[in-house]
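A.B. asks: I'd like to ask you about the structure that follows.
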Amino acid sequence: MNQGIDLQASFVEALTQLGVPQAAARAAWMPLPMLVVIIGVTMGLLVSVWLERKISAAAQQRIGPEYIGPLGMLAPVADGLKLVFKEDIVPAKADPLLFTAGPVIVLLPVFLSYLVVPFGQNLVITDLGTGVFFWIAMGSVQPIGLLMSGYSSNNKYSLLGGLRAAAQSISYEIPLALSVLAVVMMSNSLSTIGIVDQQTGYGILSWNLWRQPVGFVIFLISALAECERLPFDLPEAEEELVAGYQTEYAGMRFGLFYIASYVNLILASLLASVLFLGGWSFPIPMEQIGTWLGVDAGGALWQFAAAGIGIGMILLKTYFFIFLAILMRWTVPRVRIDQLLDLGWKFLLPVALVNLLLTAALKLAFPVAFGG
Amino acid sequence: MLKFLEKVGGYARETVQAAKYIGQGLSVTFDHMSRRPITVQYPYEKLIPSERFRGRIHFEYDKCISCEVCVRVCPINLPVVDWEYNRETKKKDLKSYSIDFGVCIFCGNCVEYCPTNCLSMTEEYDLSVYDRHELNFDSVALGRLPYKVTDDPMVTPIREFAYLPKGVTEGHAVPHTARRAGLRPEEILEQEGKG
Amino acid sequence: MVMIETKAERMVINLGPHHPSMHGVLRLLVTLDGENVVDCEPVLGYLHRSMEKIAENRTVIQYLPYVTRWDYIATMFTEAITVNAPEKLANVPVPKRASYIRVIMLELSRIANHLLWVGPFLADVGAQTPFFYIFRERELIYDLFEAATGMRMMHNYFRVGGVAADLPYGWVDKAQDFCEYFLPKVDEYERLITDNPIFRRRVEGIGTISREDAINWGLSGPMLRASGVKWDLRKVDHYECYDDFDWQVAWDSGGDCMARYTVRMREMRESVKIVQQALAALPGGPYENLEAKRIASGPKSEWSAPDYQFISKKPSPTFKIPNGEHYVRMESSKGELGIYLIGEDSVFPWRWKIRPPGFVNLQVLPQLVRGMKIADIMAILGSIDIIMGEVDR
């Protein structure tokens with residue numbers, strides 16, 4: 001397994017060669033990944049908002065945004081600008097502190113979770129040992145923010161929406177964690193990099209999708225529920241609760257919720273591709289292609305190309321999941337709250353547990369295929 | 001144990017069924033993604049109003065005999081007919097005629113019952129103004145003709161469904177000059193004469 | 001279902017008049033226990049325009065443009081009943097051709113109404129896309145209406161003794177085109193909606209009305225037929241020329257939202273059948289053929305006989321409603337639409353009582369939603385098919 005390109009090391013090395021002390025070089029590196037994450041996530045957000053509008057339009061035989069930029073690509077930017085310039089209203093009887101803190105608490109953990117999302121062998125901000133569980137832990141912070149904003153709005157729709165959000169997040173976190181756990185068990189690693197590494201051996205055949213089909217489906221369903229996307233968008237169910245916990249929000253505070261929901265969708269799709277579709281790995285192992293082409297696998301150019309293809313691959317897989325989620329949103333009706341909880345507790349949870357047990361048994365029985 | 005397995009089997013079957021039907025729904029929406037959008041991009045494309053379309057009313061001052069039938073059939077007696085009896089000609093002289101299109105509901109009763117056909121309905125429907133009083137059309141404004149959609153170089157005219165050729169359901173699919181369904185009576189006669 | 005009594009304080013929540021799924025301006029005062037509905041009190045009257053009082057100082061001609069504003073989704077029915085009431089009181093004959101044109105218009109209007117029921121109903125349970133699909137088909141119906149009547153919604157097409165104008169050239173061809181185009185689209189809706197497991201779970205067993213309850217509450221239309229009562233005024237009263245066609249009364253015995261959905265879907269197919277038969281059997285055929293025949297056979301031809309006219313006699317603006325009183329009803333797309341008319345030999349009716357189907361059907365709502373979840377309110381209300389313009393009048 002080659003190490004791929006190590007941006008941080010090369011950056012620090014370049015700076016030290018210029019005569020900058022090593023500590024200063026390391027400090028200079030620190031803000032860069034943050035910047036990259038924020039810019040990258042914002043770009044991803046804009047793209048998925050645009051995709052949502054274009055795909056929903058296409059599925060409904062409309063055109064969608066067309067005149068704001070080429071193919072209406074600047075429509076999400078215009079949306080964002082509008083939200084920024086709108087008056088920031090706090091309802092008279094709302095609790096201003098909680099009301100403001102709510103959207104921030106919803107947004108922050110989502111952004112923090114990007115710390116562990118790998119785009120390549122070393123293209124990750126921190127390769128945390130606890131990787132995926134950091135993401136799940138961060139995800140559990142979100143309902144607190146939703147509950148806060150629902151409670152502090154002093155609006156009955158918001159309160160109901162906040163309660164639904166909390167109930168939903170809590171009940172779907174468990175099957176989500178269990179399906180991830182099965183993957184982790186096979187990979188012998190919690191680190192996202194480790195999980196991908198373990199899937200790279202035989203190209204497309206070694207992806208976890210084939211060894212964890214049930215876990216994959218459970219993951220998709222619970223991730224949809226965690227993102228509050230349509231079959232499970234009860235907290236903001238427009239026809240029932242007007243807009244749920246967002247009812248009283250306007251301007252940038254609403255914008256934060258909006259950003260959080262899409263960023264969360266991208267995050268879930270990224271992790272779905274990392275956990276089950278081999279992350280950045282190409283369907284045919286890159287090393288294999290390298291040997292076929294007769295290229296030196298250690299060469300800088302090849303490394304660069306491989307990293308580029310890796311980023312392309314993971315984005316492709318991610319946007320496939322986003323496409324699925326969007327198409328799903330515009331196809332199916334919404335479930336009812338009791339059906340939602342039934343599905344979570346009476347169906348997904350037992351199935352996820354059985355899946356976990358089966359994985360453990362298979363791991364003991366066939367250590368070769370199931371990461372013994 | 002067997003009962004339990006049966007239950008599990010039933011569950012599994014149900015799940016597969018559910019997945020199948022959701023997939024069926026997804027295939028319908030996915031299929032729509034490759035179909036031509038049916039929306040009309042309004043300021044750039046416009047539907048040609050039908051020939052019976054009841055738009056803004058046109059009024060011919062010289063034909064009017066001030067009989068006030070239009071007022072009597074109007075649901076709210078809207079047209080204002082100001083006339084004076086001329087003793088010499090023993091006729092009513094029309095002094096002014098006006099309809100307030102901010103109030104008119106374009107039911108067309110006045111046009112239908114006008115004995116001299118001095119009222120008619122145009123194809124003009126976008127009557128937006130900045131001040132509602134501008135919609136109170138006097139006899140001069142009522143005498144203006146609207147601009148035809150087909151003459152506007154900025155606009156792509158699109159036919160409505162009822163005026164498309166037989167078998168065509170979508171206005172974008174054919175040019176607006178395509179001949180509508182149905183023969184004219186003289187053509188039918190000609191055909192019958194031949195056949 | 002056994003409910004555990006919770007000690008929590010009940011929440012009174014106000015749904016409407018401005019709420020995304022209140023179908024206009026209905027207001028519901030809902031008492032909630034968590035997510036469960038304890039009580040529900042509808043508040044009406046936000047769209048009240050005193051339509052009955054207005055009728056008392058309008059001639060029939062003057063009043064006709066108003067009536068499409070009662071039920072602005074199924075507009076042809078309101079016009080039809082408005083001309084039927086004085087027509088029957090004054091014994092005005094209706095030519096056969098006019099009657100066929102009326103039936104075609106009424107059934108197209110029924111399809112348009114059911115389409116605009118399916119879309120919002122699905123939107124009420126959360127699926128937005130069918131809303132756009134139904135508009136695609138509804139546009140075609142409205143294009144047909146526009147070509148024949150001059151307006152898409154506010155037609156003002158029916159007249160005492162017939163209709164305002166004959167069908168335009170090519171209209172019959174395009175109406176047949178529509179029927180052929182429409183049936184596969186219904187199949188497509190069914191593929192998208194009917195078997196969707198989430199949809200099924202949201203509507204099956206929700207808002208069940210038993211056969212007895214449905215009759216006792218005075219329900220009509222698809223609401224009644226979905227509860228297993230085979231009652232359709234088109235078959236019962238034999239009005240217009242519905243007896244000339246071969247069609248079935250759509251009904252179901254489920255009594256729940258799903259049954260109402262299936263009844264309406266089936267009714268659309270039946271309506272297409274009726275329209276197709278009426279188009280084929282239209283006395284005199286399409287307008288262009290009729291004209292050609294009239295030209296060919298010269299003046300006083302058989303083709304100018306009363307039965308081939310679109311109206312028996314153009315009503316005068318001072319058409320007098322004779323003395324007497326009676327109740328006229330017809331099967332609108334929502335149920336029994338009736339007019340109780342009292343005339344006193346004057347141009348204005350003395351009393352013009354409207355029996356709107358939506359108003360009567362709506363009263364069963366509080367009983368249906370009690371004990372259900374808050375999300376079921378939307379499914380049940382959606383399945384009732386109300387238009388506030390007609391409920392409040």
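Within each chain, counting starts at residue 1; across the structure tokens, chains are named A, B, ... in the order shown, with ligands numbered 1 upward in that order.
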Which residues come within 10 Å of region 77-88 of chain A, counting only C-alpha atoms, excluding same-chain residues fewer than 3 positions away, as number ranges by chain?
C.D. replies: A: 46-47, 49-50, 68-69, 72-74, 91, 249-256, 258-259
A.B. asks: Taking only C-alpha atoms into account, what are the residues of chain A at most 8 Å from chain C, put as a ChimeraX atom specification?
C.D. replies: /A:59-61,156,230-231,237-240,242,329-337
A.B. asks: Could you write out as an MDAnalysis selection string the residues of chain C within 6 Å of chain B, counting only C-alpha atoms?
C.D. replies: chainID C and resid 62 65 140 143:144 147 150 169:170 174 177 192 196:197 288 291:292
A.B. asks: Atoms to include: N, CA and C atoms. Write the selected residues as a PDB file, in the first residue's frame.
C.D. replies:
```pdb
ATOM      1  N   GLN C  62     -77.592  37.264 -15.685  1.00  0.00           N
ATOM      2  CA  GLN C  62     -76.640  38.033 -14.891  1.00  0.00           C
ATOM      3  C   GLN C  62     -75.954  37.163 -13.854  1.00  0.00           C
ATOM      4  N   PRO C  65     -72.445  34.163 -14.607  1.00  0.00           N
ATOM      5  CA  PRO C  65     -70.991  34.295 -14.390  1.00  0.00           C
ATOM      6  C   PRO C  65     -70.577  34.121 -12.936  1.00  0.00           C
ATOM      7  N   LEU C 140     -54.847  20.398 -20.634  1.00  0.00           N
ATOM      8  CA  LEU C 140     -55.459  20.015 -21.907  1.00  0.00           C
ATOM      9  C   LEU C 140     -56.973  20.180 -21.837  1.00  0.00           C
ATOM     10  N   ASP C 143     -57.673  23.756 -22.013  1.00  0.00           N
ATOM     11  CA  ASP C 143     -57.514  24.259 -23.376  1.00  0.00           C
ATOM     12  C   ASP C 143     -58.759  23.943 -24.194  1.00  0.00           C
ATOM     13  N   LEU C 144     -59.288  22.739 -23.999  1.00  0.00           N
ATOM     14  CA  LEU C 144     -60.526  22.380 -24.698  1.00  0.00           C
ATOM     15  C   LEU C 144     -61.650  23.316 -24.280  1.00  0.00           C
ATOM     16  N   ALA C 147     -61.233  26.714 -25.858  1.00  0.00           N
ATOM     17  CA  ALA C 147     -61.593  26.768 -27.274  1.00  0.00           C
ATOM     18  C   ALA C 147     -63.104  26.816 -27.444  1.00  0.00           C
ATOM     19  N   GLY C 150     -64.369  30.054 -24.355  1.00  0.00           N
ATOM     20  CA  GLY C 150     -63.717  31.352 -24.287  1.00  0.00           C
ATOM     21  C   GLY C 150     -62.976  31.586 -22.998  1.00  0.00           C
ATOM     22  N   TYR C 169     -64.587  24.268 -34.741  1.00  0.00           N
ATOM     23  CA  TYR C 169     -64.015  23.304 -35.695  1.00  0.00           C
ATOM     24  C   TYR C 169     -62.919  22.479 -35.039  1.00  0.00           C
ATOM     25  N   GLY C 170     -62.937  21.209 -35.303  1.00  0.00           N
ATOM     26  CA  GLY C 170     -61.847  20.355 -34.841  1.00  0.00           C
ATOM     27  C   GLY C 170     -61.905  19.997 -33.370  1.00  0.00           C
ATOM     28  N   LYS C 174     -60.087  16.831 -31.234  1.00  0.00           N
ATOM     29  CA  LYS C 174     -59.115  17.026 -30.163  1.00  0.00           C
ATOM     30  C   LYS C 174     -59.615  16.421 -28.861  1.00  0.00           C
ATOM     31  N   ASP C 177     -58.749  12.949 -29.077  1.00  0.00           N
ATOM     32  CA  ASP C 177     -57.303  12.868 -28.816  1.00  0.00           C
ATOM     33  C   ASP C 177     -57.027  12.855 -27.329  1.00  0.00           C
ATOM     34  N   LEU C 192     -47.372   5.137 -10.209  1.00  0.00           N
ATOM     35  CA  LEU C 192     -46.606   5.993  -9.304  1.00  0.00           C
ATOM     36  C   LEU C 192     -47.168   5.966  -7.895  1.00  0.00           C
ATOM     37  N   ASN C 196     -47.688   2.281  -3.917  1.00  0.00           N
ATOM     38  CA  ASN C 196     -46.579   2.747  -3.089  1.00  0.00           C
ATOM     39  C   ASN C 196     -46.848   2.390  -1.627  1.00  0.00           C
ATOM     40  N   PRO C 197     -45.955   1.609  -1.010  1.00  0.00           N
ATOM     41  CA  PRO C 197     -46.255   1.132   0.347  1.00  0.00           C
ATOM     42  C   PRO C 197     -46.460   2.263   1.353  1.00  0.00           C
ATOM     43  N   GLU C 288     -68.175  20.841 -37.832  1.00  0.00           N
ATOM     44  CA  GLU C 288     -67.866  21.067 -39.244  1.00  0.00           C
ATOM     45  C   GLU C 288     -68.712  20.152 -40.139  1.00  0.00           C
ATOM     46  N   GLU C 291     -72.234  21.533 -40.231  1.00  0.00           N
ATOM     47  CA  GLU C 291     -72.277  22.692 -41.118  1.00  0.00           C
ATOM     48  C   GLU C 291     -72.298  22.236 -42.570  1.00  0.00           C
ATOM     49  N   ALA C 292     -71.410  21.286 -42.884  1.00  0.00           N
ATOM     50  CA  ALA C 292     -71.331  20.808 -44.265  1.00  0.00           C
ATOM     51  C   ALA C 292     -72.668  20.229 -44.696  1.00  0.00           C
TER      52      ALA C 292
END
```
A.B. asks: Please list as a list in words every residue within 8 Å of Glu124 (chain B), counting only C-alpha atoms and excluding residues in the same chain fewer than 6 positions away.
C.D. replies: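 Those residues are Gly55, Arg56, Pro146 and Tyr147 of chain B.
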A.B. asks: Hey, what's within 6 Å of region 349-357 of chain A if we count only C-alpha atoms and toss same-chain stuff fewer than 5 positions away? As a VMD selection string, please?
C.D. replies: chain A and resid 175 178 to 179 182
A.B. asks: Counting only C-alpha atoms, which residues of region 270-371 of chain C fall within 7 Å of region 237-256 of chain C, and what is the closest atom pair for each with its distance in Å at one decimal, ordered by chain and rising number, as JSON lines?
C.D. replies:
```
{"residue": "C:Glu270", "atom": "CA", "partner": "C:Trp247", "partner_atom": "CA", "distance": 6.2}
{"residue": "C:Lys273", "atom": "CA", "partner": "C:Trp247", "partner_atom": "CA", "distance": 6.9}
{"residue": "C:Ile274", "atom": "CA", "partner": "C:Phe245", "partner_atom": "CA", "distance": 6.3}
{"residue": "C:Gln277", "atom": "CA", "partner": "C:Phe245", "partner_atom": "CA", "distance": 6.5}
```
